Amino acid sequence: QVHLVESGGGLVQAGGSLRLSCAASGRTFSTYVMGWFRQAPGKEREFVATISGSGGLTGYADSVKGRFTISRDNAKNTVYLQMNSLLPEDTAVYYCAQRTRSSDFQWYTNIHEYDYWGQGTQVTVSS
């Protein structure tokens, strides 16, 4: 069983920055693709960013490209999401996810392509 725990959310003004962290259990963390998703009130959960097991390959939703950066530290079993130039429309609960059914990297952007999820962390951006 994999456990994912997000942290780093909070309230920030528009234009500000936050860094989210997601700590994962398990000894094979570096094998698997990780992703960040978000869900705003009344909306479906949507893809934000993904990263390969080695960290060398990444992918982003158009809405966050150039503002958000996904990275990982495999020695710490942790994936990060650095969020800069935040906008009110970035307000959502942010979830990290791990894909364990395979280790190949593609732009896995669908929630059904991931096997484990964290509980989420709230990010609120005020205007």
# chains A, B, ... in the order shown; residues from 1 in each chain; ligands from 1

$ closest_atom_pairs --of "range 58-87 of chain A" --to "range 9-22 of chain A" --cutoff "6 Å" --atoms "only C-alpha atoms" --output "Markdown table"
| residue | atom | partner | partner_atom | distance |
| --- | --- | --- | --- | --- |
| A:Thr78 | CA | A:Cys22 | CA | 5.4 |
| A:Val79 | CA | A:Cys22 | CA | 5.2 |
| A:Tyr80 | CA | A:Ser21 | CA | 4.5 |
| A:Leu81 | CA | A:Leu20 | CA | 5.0 |
| A:Gln82 | CA | A:Arg19 | CA | 4.4 |
| A:Met83 | CA | A:Leu18 | CA | 5.2 |
| A:Asn84 | CA | A:Ser17 | CA | 4.4 |
| A:Ser85 | CA | A:Gly15 | CA | 4.2 |
| A:Leu86 | CA | A:Gly15 | CA | 4.9 |
| A:Leu87 | CA | A:Ala14 | CA | 5.1 |

$ closest_residue --among "A:Ala97, A:Thr124, A:Glu113, A:His3" --to "Phe37 in chain A" --atoms "only C-alpha atoms"
A:Ala97

$ residues_around --residues "range 52-58 of chain A" --least-positions-apart "6" --cutoff "10 Å" --atoms "only C-alpha atoms" --output "MDAnalysis selection string"
chainID A and resid 28:35 69:74 79 99 103:107

$ atom_distance --atom1 "CA of Gly26 in chain A" --atom2 "CA of Val5 in chain A"
12.5 Å

$ residues_around --residues "Lys43 in chain A" --least-positions-apart "4" --cutoff "12 Å" --atoms "only C-alpha atoms" --output "list in words"
Arg38, Gln39, Glu89, Thr91, Ala92 and Val93 of chain A

$ select_by_dssp --residues "range 50-85 of chain A" --states "strand (DSSP E or B)" --output "count of residues only"
17

$ atom_distance --atom1 "CA of Trp117 in chain A" --atom2 "CA of Gln98 in chain A"
6.6 Å

$ closest_residue --among "A:Ala61, A:Glu46, A:Gly66, A:Asp90" --to "Gln122 in chain A" --atoms "only C-alpha atoms"
A:Asp90

$ residues_around --residues "Gln119 in chain A" --least-positions-apart "3" --cutoff "9 Å" --atoms "only C-alpha atoms" --output "PyMOL selection string"
chain A and resi 4-6+94-96

$ write_last_selection --atoms "all heavy atoms" --output "tab-separated table (two decimals), in the first residue's frame"
chain	number	residue	atom	x	y	z
A	4	LEU	N	0.45	8.70	0.22
A	4	LEU	CA	0.92	9.99	-0.28
A	4	LEU	C	0.36	11.08	0.62
A	4	LEU	O	-0.85	11.12	0.88
A	4	LEU	CB	0.44	10.21	-1.72
A	4	LEU	CG	0.81	9.14	-2.74
A	4	LEU	CD1	0.16	9.44	-4.08
A	4	LEU	CD2	2.32	9.04	-2.89
A	5	VAL	N	1.23	11.97	1.08
A	5	VAL	CA	0.81	13.03	1.98
A	5	VAL	C	1.28	14.37	1.43
A	5	VAL	O	2.49	14.63	1.36
A	5	VAL	CB	1.36	12.82	3.40
A	5	VAL	CG1	0.90	13.96	4.31
A	5	VAL	CG2	0.92	11.47	3.96
A	6	GLU	N	0.31	15.22	1.07
A	6	GLU	CA	0.63	16.55	0.55
A	6	GLU	C	0.75	17.56	1.69
A	6	GLU	O	0.12	17.41	2.74
A	6	GLU	CB	-0.46	17.03	-0.41
A	6	GLU	CG	-0.71	16.17	-1.61
A	6	GLU	CD	-1.87	15.21	-1.40
A	6	GLU	OE1	-2.17	14.90	-0.23
A	6	GLU	OE2	-2.48	14.78	-2.40
A	94	TYR	N	-5.27	20.69	-4.17
A	94	TYR	CA	-4.25	20.08	-5.00
A	94	TYR	C	-3.91	18.69	-4.49
A	94	TYR	O	-3.69	18.50	-3.29
A	94	TYR	CB	-2.99	20.96	-5.02
A	94	TYR	CG	-3.14	22.16	-5.91
A	94	TYR	CD1	-3.98	23.21	-5.56
A	94	TYR	CD2	-2.47	22.24	-7.13
A	94	TYR	CE1	-4.15	24.31	-6.39
A	94	TYR	CE2	-2.62	23.34	-7.96
A	94	TYR	CZ	-3.46	24.37	-7.59
A	94	TYR	OH	-3.62	25.46	-8.42
A	95	TYR	N	-3.89	17.73	-5.41
A	95	TYR	CA	-3.64	16.34	-5.08
A	95	TYR	C	-2.40	15.84	-5.82
A	95	TYR	O	-2.22	16.15	-7.00
A	95	TYR	CB	-4.82	15.47	-5.52
A	95	TYR	CG	-6.13	15.79	-4.87
A	95	TYR	CD1	-7.00	16.73	-5.43
A	95	TYR	CD2	-6.52	15.14	-3.71
A	95	TYR	CE1	-8.22	17.03	-4.84
A	95	TYR	CE2	-7.74	15.42	-3.11
A	95	TYR	CZ	-8.58	16.36	-3.68
A	95	TYR	OH	-9.79	16.65	-3.09
A	96	CYS	N	-1.61	15.04	-5.13
A	96	CYS	CA	-0.57	14.32	-5.85
A	96	CYS	C	-1.03	12.89	-6.08
A	96	CYS	O	-1.89	12.37	-5.35
A	96	CYS	CB	0.77	14.35	-5.12
A	96	CYS	SG	0.86	13.38	-3.61

$ atom_distance --atom1 "CA of Val123 in chain A" --atom2 "CA of Lys65 in chain A"
17.7 Å

$ closest_residue --among "A:Ala49, A:Gly8, A:Ala24, A:Gly59" --to "Gly118 in chain A" --atoms "only C-alpha atoms"
A:Ala24
